Amino acid sequence: MRTKFALWVLAAAAAAMPVAAQSPHLADKLARLASSGNAEAQYHLGMLYNNGLGVAKDPARAYALFQKAAAGGDPLGAYKLGCYYDGEFSGVGRVDPAEALRQKLVAAKAGYRLAQLDVAIHYFKLKDYADAFRWFEAAARQGDPQALYNLSVMYRDGIGTAASPPRAWTFFRLAQLASRGEISPAAQASLDAMWAKLSPAERIEAERAGAGFVTGETAFTVRALHGLERAEALVREKAR
């Protein structure tokens with residue numbers, strides 16, 4: 001009987017700025033830059049209000065700042081605006097999946113891993129499997145476990161690409177490694193069953209396919225995931 005496992009289509013974590021210690025008056029300093037039209041400062045200030053870091057949590061104010069940041073050309077501002085269009089905060093802004101996709105594509109094209117994953121999920125839900133595969137692959141190259149797992153499913157079922165049992169095993173195994181081996185017993189059994197069905201030649205192909213596939217996070221992803229540090233650096237840079 002064919003092994004079954006579902007496509008992992010949970011949206012990526014929306015916050016790009018971790019909760020961490022910050023210097024006093026960061027919000028005030030960012031607000032001054034934001035009021036002068038600095039799009040990156042508008043994004044960072046929006047994240048403070050989005051997450052309640054050093055200020056009272058205020059999604060409506062964050063949403064307005066993300067709108068300005070996106071209009072000013074900041075890719076992460078566009079990503080967060082897309083999250084709001086996806087309904088991140090009920091009652092703040094309108095829910096508009098098409099606009100969410102349009103905004104998140106800006107950040108995906110800039111190389112942001114979480115945006116690439118979200119965009120892939122959007123396309124998959126639209127049954128645009130070729131574009132879904134392309135963006136899952138982009139996020140997978142950055143080591144995203146959800147994207148790696150979803151590529152496994154698509155290779156297994158021939159969705160958006162030619163079916164390939166060896167590559168289905170390869171990306172399932174890479175997903176396991178990317179998630180630090182945190183895989184359920186049922187998933188491990190599925191992985192073992194897939195391997196058992198591969199011929200010796202297919203096993204060689206599977207192992208070769210995985211070698212060097214994950215190239216690491218882009219500089220833009222690293223910057224996004226260290227947003228608070230970047231915000232601190234921005235205000236220091238502009239204070240010179």
# chains A, B, ... in the order shown; residues from 1 in each chain; ligands from 1
call {"tool": "select_by_dssp", "arguments": {"residues": "range 78-159 of chain A", "states": "helix (DSSP H, G or I)", "output": "number ranges by chain"}}
result
A: 78-85, 97-110, 113-125, 129-141, 145-157
call {"tool": "residues_around", "arguments": {"residues": "Thr170 in chain A", "least_positions_apart": "5", "cutoff": "7 Å", "atoms": "only C-alpha atoms", "output": "JSON, numbers by chain"}}
result
{"A": [206, 207, 209, 210]}
call {"tool": "write_last_selection", "arguments": {"atoms": "all heavy atoms", "output": "compact mmCIF listing (two decimals), in the first residue's frame"}}
result
# COMPACT_ATOMS: atom_id res chain seq x y z
N ALA A 206 19.10 9.15 -4.88
CA ALA A 206 18.53 9.88 -3.76
C ALA A 206 19.61 10.56 -2.93
O ALA A 206 19.49 11.72 -2.53
CB ALA A 206 17.72 8.93 -2.88
N GLU A 207 20.69 9.85 -2.69
CA GLU A 207 21.77 10.41 -1.89
C GLU A 207 22.50 11.53 -2.63
O GLU A 207 22.88 12.53 -2.03
CB GLU A 207 22.73 9.30 -1.47
CG GLU A 207 22.10 8.33 -0.46
CD GLU A 207 22.99 7.16 -0.12
OE1 GLU A 207 23.89 6.84 -0.93
OE2 GLU A 207 22.78 6.55 0.95
N ALA A 209 21.15 13.48 -4.89
CA ALA A 209 20.24 14.61 -5.04
C ALA A 209 20.30 15.53 -3.82
O ALA A 209 20.13 16.76 -3.95
CB ALA A 209 18.81 14.13 -5.24
N GLY A 210 20.55 14.95 -2.66
CA GLY A 210 20.57 15.75 -1.45
C GLY A 210 21.89 16.44 -1.19
O GLY A 210 21.94 17.41 -0.42
call {"tool": "closest_residue", "arguments": {"among": "A:Tyr123, A:Val235, A:Met154, A:Arg240", "to": "Ala41 in chain A", "atoms": "only C-alpha atoms"}}
result
A:Val235
call {"tool": "atom_distance", "arguments": {"atom1": "CA of Val106 in chain A", "atom2": "CA of Arg32 in chain A"}}
result
25.8 Å
call {"tool": "residues_around", "arguments": {"residues": "Tyr129 in chain A", "least_positions_apart": "2", "cutoff": "10 Å", "atoms": "only C-alpha atoms", "output": "PDB file with C-alpha atoms, in the first residue's frame"}}
result
ATOM      1  CA  ALA A 120       4.447  28.827  -2.169  1.00  0.00           C
ATOM      2  CA  ILE A 121       1.527  27.956   0.114  1.00  0.00           C
ATOM      3  CA  TYR A 123       0.130  29.246  -4.997  1.00  0.00           C
ATOM      4  CA  PHE A 124      -0.513  25.679  -3.840  1.00  0.00           C
ATOM      5  CA  LYS A 125      -3.953  26.673  -2.537  1.00  0.00           C
ATOM      6  CA  LEU A 126      -4.616  28.311  -5.918  1.00  0.00           C
ATOM      7  CA  LYS A 127      -3.607  25.020  -7.588  1.00  0.00           C
ATOM      8  CA  ASP A 131       4.814  28.284  -9.064  1.00  0.00           C
ATOM      9  CA  ALA A 132       4.224  26.568  -5.721  1.00  0.00           C
ATOM     10  CA  PHE A 133       7.019  24.124  -6.494  1.00  0.00           C
ATOM     11  CA  ARG A 134       9.366  26.934  -7.556  1.00  0.00           C
ATOM     12  CA  TRP A 135       8.891  28.883  -4.321  1.00  0.00           C
ATOM     13  CA  MET A 154       5.256  17.001  -4.623  1.00  0.00           C
ATOM     14  CA  GLY A 158       4.151  14.321  -9.278  1.00  0.00           C
ATOM     15  CA  ILE A 159       2.574  17.667  -8.366  1.00  0.00           C
ATOM     16  CA  GLY A 160       4.192  20.603 -10.142  1.00  0.00           C
ATOM     17  CA  THR A 161       7.076  18.372 -11.213  1.00  0.00           C
TER      18      THR A 161
END
call {"tool": "residues_around", "arguments": {"residues": "Leu81 in chain A", "least_positions_apart": "3", "cutoff": "6 Å", "atoms": "only C-alpha atoms", "output": "number ranges by chain"}}
result
A: 66, 78, 84
call {"tool": "residues_around", "arguments": {"residues": "Leu30 in chain A", "least_positions_apart": "3", "cutoff": "12 Å", "atoms": "only C-alpha atoms", "output": "MDAnalysis selection string"}}
result
chainID A and resid 23:27 33:49 54 65 228 230:239
call {"tool": "residues_around", "arguments": {"residues": "Val92 in chain A", "least_positions_apart": "4", "cutoff": "12 Å", "atoms": "only C-alpha atoms", "output": "list in words"}}
result
Asn50, Asp58, Pro59, Ala60, Arg61, Ala62, Tyr63, Ala64, Leu81, Cys83, Tyr84, Tyr85, Asp86, Gly87, Glu88 and Asp96 of chain A
call {"tool": "write_last_selection", "arguments": {"atoms": "N, CA, C and O atoms", "output": "tab-separated table (two decimals), in the first residue's frame"}}
result
chain	number	residue	atom	x	y	z
A	50	ASN	N	3.68	45.92	16.54
A	50	ASN	CA	3.11	44.61	16.21
A	50	ASN	C	3.30	43.62	17.35
A	50	ASN	O	2.40	42.85	17.70
A	58	ASP	N	-0.06	47.54	19.53
A	58	ASP	CA	-1.06	48.33	18.80
A	58	ASP	C	-1.07	47.88	17.34
A	58	ASP	O	-0.42	48.49	16.48
A	59	PRO	N	-1.82	46.81	17.01
A	59	PRO	CA	-1.84	46.30	15.64
A	59	PRO	C	-2.28	47.33	14.60
A	59	PRO	O	-1.76	47.34	13.49
A	60	ALA	N	-3.23	48.19	14.98
A	60	ALA	CA	-3.71	49.18	14.01
A	60	ALA	C	-2.59	50.15	13.64
A	60	ALA	O	-2.42	50.51	12.46
A	61	ARG	N	-1.82	50.58	14.62
A	61	ARG	CA	-0.70	51.48	14.35
A	61	ARG	C	0.38	50.77	13.55
A	61	ARG	O	0.99	51.34	12.64
A	62	ALA	N	0.62	49.50	13.91
A	62	ALA	CA	1.61	48.71	13.17
A	62	ALA	C	1.19	48.58	11.71
A	62	ALA	O	2.02	48.75	10.80
A	63	TYR	N	-0.07	48.31	11.48
A	63	TYR	CA	-0.59	48.15	10.11
A	63	TYR	C	-0.36	49.41	9.29
A	63	TYR	O	0.11	49.36	8.14
A	64	ALA	N	-0.62	50.58	9.89
A	64	ALA	CA	-0.43	51.85	9.19
A	64	ALA	C	1.04	52.05	8.85
A	64	ALA	O	1.38	52.53	7.75
A	81	LEU	N	2.77	43.63	5.76
A	81	LEU	CA	1.48	44.10	5.25
A	81	LEU	C	0.72	42.91	4.67
A	81	LEU	O	-0.49	42.76	4.89
A	83	CYS	N	0.96	39.87	5.64
A	83	CYS	CA	0.46	39.07	6.77
A	83	CYS	C	-0.86	39.63	7.29
A	83	CYS	O	-1.76	38.87	7.67
A	84	TYR	N	-0.97	40.95	7.33
A	84	TYR	CA	-2.23	41.56	7.77
A	84	TYR	C	-3.34	41.27	6.77
A	84	TYR	O	-4.48	40.98	7.15
A	85	TYR	N	-3.03	41.34	5.47
A	85	TYR	CA	-4.04	41.00	4.47
A	85	TYR	C	-4.43	39.52	4.56
A	85	TYR	O	-5.51	39.13	4.11
A	86	ASP	N	-3.56	38.72	5.14
A	86	ASP	CA	-3.88	37.31	5.36
A	86	ASP	C	-4.70	37.10	6.63
A	86	ASP	O	-5.02	35.96	6.98
A	87	GLY	N	-5.01	38.20	7.35
A	87	GLY	CA	-5.85	38.10	8.54
A	87	GLY	C	-5.09	37.86	9.83
A	87	GLY	O	-5.64	37.28	10.77
A	88	GLU	N	-3.82	38.31	9.89
A	88	GLU	CA	-3.02	38.08	11.10
A	88	GLU	C	-3.68	38.67	12.34
A	88	GLU	O	-3.67	38.06	13.41
A	96	ASP	N	-7.56	39.96	2.32
A	96	ASP	CA	-7.50	39.99	0.87
A	96	ASP	C	-6.36	39.08	0.41
A	96	ASP	O	-5.21	39.52	0.31
call {"tool": "residues_around", "arguments": {"residues": "Ala211 in chain A", "least_positions_apart": "3", "cutoff": "12 Å", "atoms": "only C-alpha atoms", "output": "PyMOL selection string"}}
result
chain A and resi 141+167+170-171+173-174+204-208+214-215
call {"tool": "closest_residue", "arguments": {"among": "A:Ala196, A:Tyr155, A:Tyr149, A:Ala162", "to": "Leu177 in chain A", "atoms": "only C-alpha atoms"}}
result
A:Tyr149
call {"tool": "atom_distance", "arguments": {"atom1": "CA of Gly143 in chain A", "atom2": "CA of Phe220 in chain A"}}
result
14.3 Å
call {"tool": "decode", "arguments": {"residues": "range 157-179 of chain A", "atoms": "N, CA and C atoms", "output": "mmCIF file, in the first residue's frame"}}
result
data_model
loop_
_atom_site.group_PDB
_atom_site.id
_atom_site.type_symbol
_atom_site.label_atom_id
_atom_site.label_comp_id
_atom_site.auth_asym_id
_atom_site.auth_seq_id
_atom_site.Cartn_x
_atom_site.Cartn_y
_atom_site.Cartn_z
ATOM 1 N N ASP A 157 4.097 12.653 -5.447
ATOM 2 C CA ASP A 157 2.821 12.592 -6.162
ATOM 3 C C ASP A 157 2.886 13.177 -7.563
ATOM 4 N N GLY A 158 4.046 13.712 -7.959
ATOM 5 C CA GLY A 158 4.151 14.321 -9.278
ATOM 6 C C GLY A 158 3.317 15.572 -9.405
ATOM 7 N N ILE A 159 3.338 16.420 -8.373
ATOM 8 C CA ILE A 159 2.574 17.667 -8.366
ATOM 9 C C ILE A 159 3.524 18.820 -8.661
ATOM 10 N N GLY A 160 3.337 19.482 -9.785
ATOM 11 C CA GLY A 160 4.192 20.603 -10.142
ATOM 12 C C GLY A 160 5.551 20.191 -10.682
ATOM 13 N N THR A 161 5.816 18.910 -10.731
ATOM 14 C CA THR A 161 7.076 18.372 -11.213
ATOM 15 C C THR A 161 6.872 16.900 -11.541
ATOM 16 N N ALA A 162 7.836 16.296 -12.217
ATOM 17 C CA ALA A 162 7.728 14.870 -12.516
ATOM 18 C C ALA A 162 7.878 14.065 -11.229
ATOM 19 N N ALA A 163 7.105 13.005 -11.105
ATOM 20 C CA ALA A 163 7.200 12.150 -9.925
ATOM 21 C C ALA A 163 8.589 11.508 -9.864
ATOM 22 N N SER A 164 9.135 11.435 -8.650
ATOM 23 C CA SER A 164 10.461 10.859 -8.475
ATOM 24 C C SER A 164 10.564 10.273 -7.073
ATOM 25 N N PRO A 165 10.385 8.970 -6.922
ATOM 26 C CA PRO A 165 10.517 8.359 -5.593
ATOM 27 C C PRO A 165 11.864 8.644 -4.927
ATOM 28 N N PRO A 166 12.984 8.617 -5.662
ATOM 29 C CA PRO A 166 14.255 8.940 -4.989
ATOM 30 C C PRO A 166 14.275 10.349 -4.415
ATOM 31 N N ARG A 167 13.790 11.319 -5.180
ATOM 32 C CA ARG A 167 13.792 12.701 -4.675
ATOM 33 C C ARG A 167 12.749 12.890 -3.574
ATOM 34 N N ALA A 168 11.666 12.147 -3.632
ATOM 35 C CA ALA A 168 10.687 12.206 -2.543
ATOM 36 C C ALA A 168 11.356 11.796 -1.232
ATOM 37 N N TRP A 169 12.149 10.725 -1.282
ATOM 38 C CA TRP A 169 12.883 10.299 -0.080
ATOM 39 C C TRP A 169 13.912 11.348 0.310
ATOM 40 N N THR A 170 14.658 11.874 -0.672
ATOM 41 C CA THR A 170 15.709 12.857 -0.404
ATOM 42 C C THR A 170 15.175 14.040 0.385
ATOM 43 N N PHE A 171 14.079 14.620 -0.070
ATOM 44 C CA PHE A 171 13.593 15.841 0.569
ATOM 45 C C PHE A 171 12.880 15.565 1.884
ATOM 46 N N PHE A 172 12.313 14.375 2.027
ATOM 47 C CA PHE A 172 11.767 13.984 3.323
ATOM 48 C C PHE A 172 12.914 13.868 4.327
ATOM 49 N N ARG A 173 14.018 13.258 3.910
ATOM 50 C CA ARG A 173 15.173 13.107 4.784
ATOM 51 C C ARG A 173 15.785 14.463 5.120
ATOM 52 N N LEU A 174 15.904 15.371 4.132
ATOM 53 C CA LEU A 174 16.433 16.705 4.400
ATOM 54 C C LEU A 174 15.525 17.479 5.355
ATOM 55 N N ALA A 175 14.219 17.283 5.230
ATOM 56 C CA ALA A 175 13.278 17.936 6.152
ATOM 57 C C ALA A 175 13.508 17.446 7.570
ATOM 58 N N GLN A 176 13.750 16.152 7.698
ATOM 59 C CA GLN A 176 14.023 15.584 9.014
ATOM 60 C C GLN A 176 15.285 16.206 9.610
ATOM 61 N N LEU A 177 16.324 16.315 8.806
ATOM 62 C CA LEU A 177 17.577 16.889 9.292
ATOM 63 C C LEU A 177 17.401 18.366 9.637
ATOM 64 N N ALA A 178 16.651 19.098 8.805
ATOM 65 C CA ALA A 178 16.452 20.528 9.036
ATOM 66 C C ALA A 178 15.646 20.790 10.297
ATOM 67 N N SER A 179 14.779 19.846 10.670
ATOM 68 C CA SER A 179 13.983 19.996 11.888
ATOM 69 C C SER A 179 14.697 19.391 13.088
#
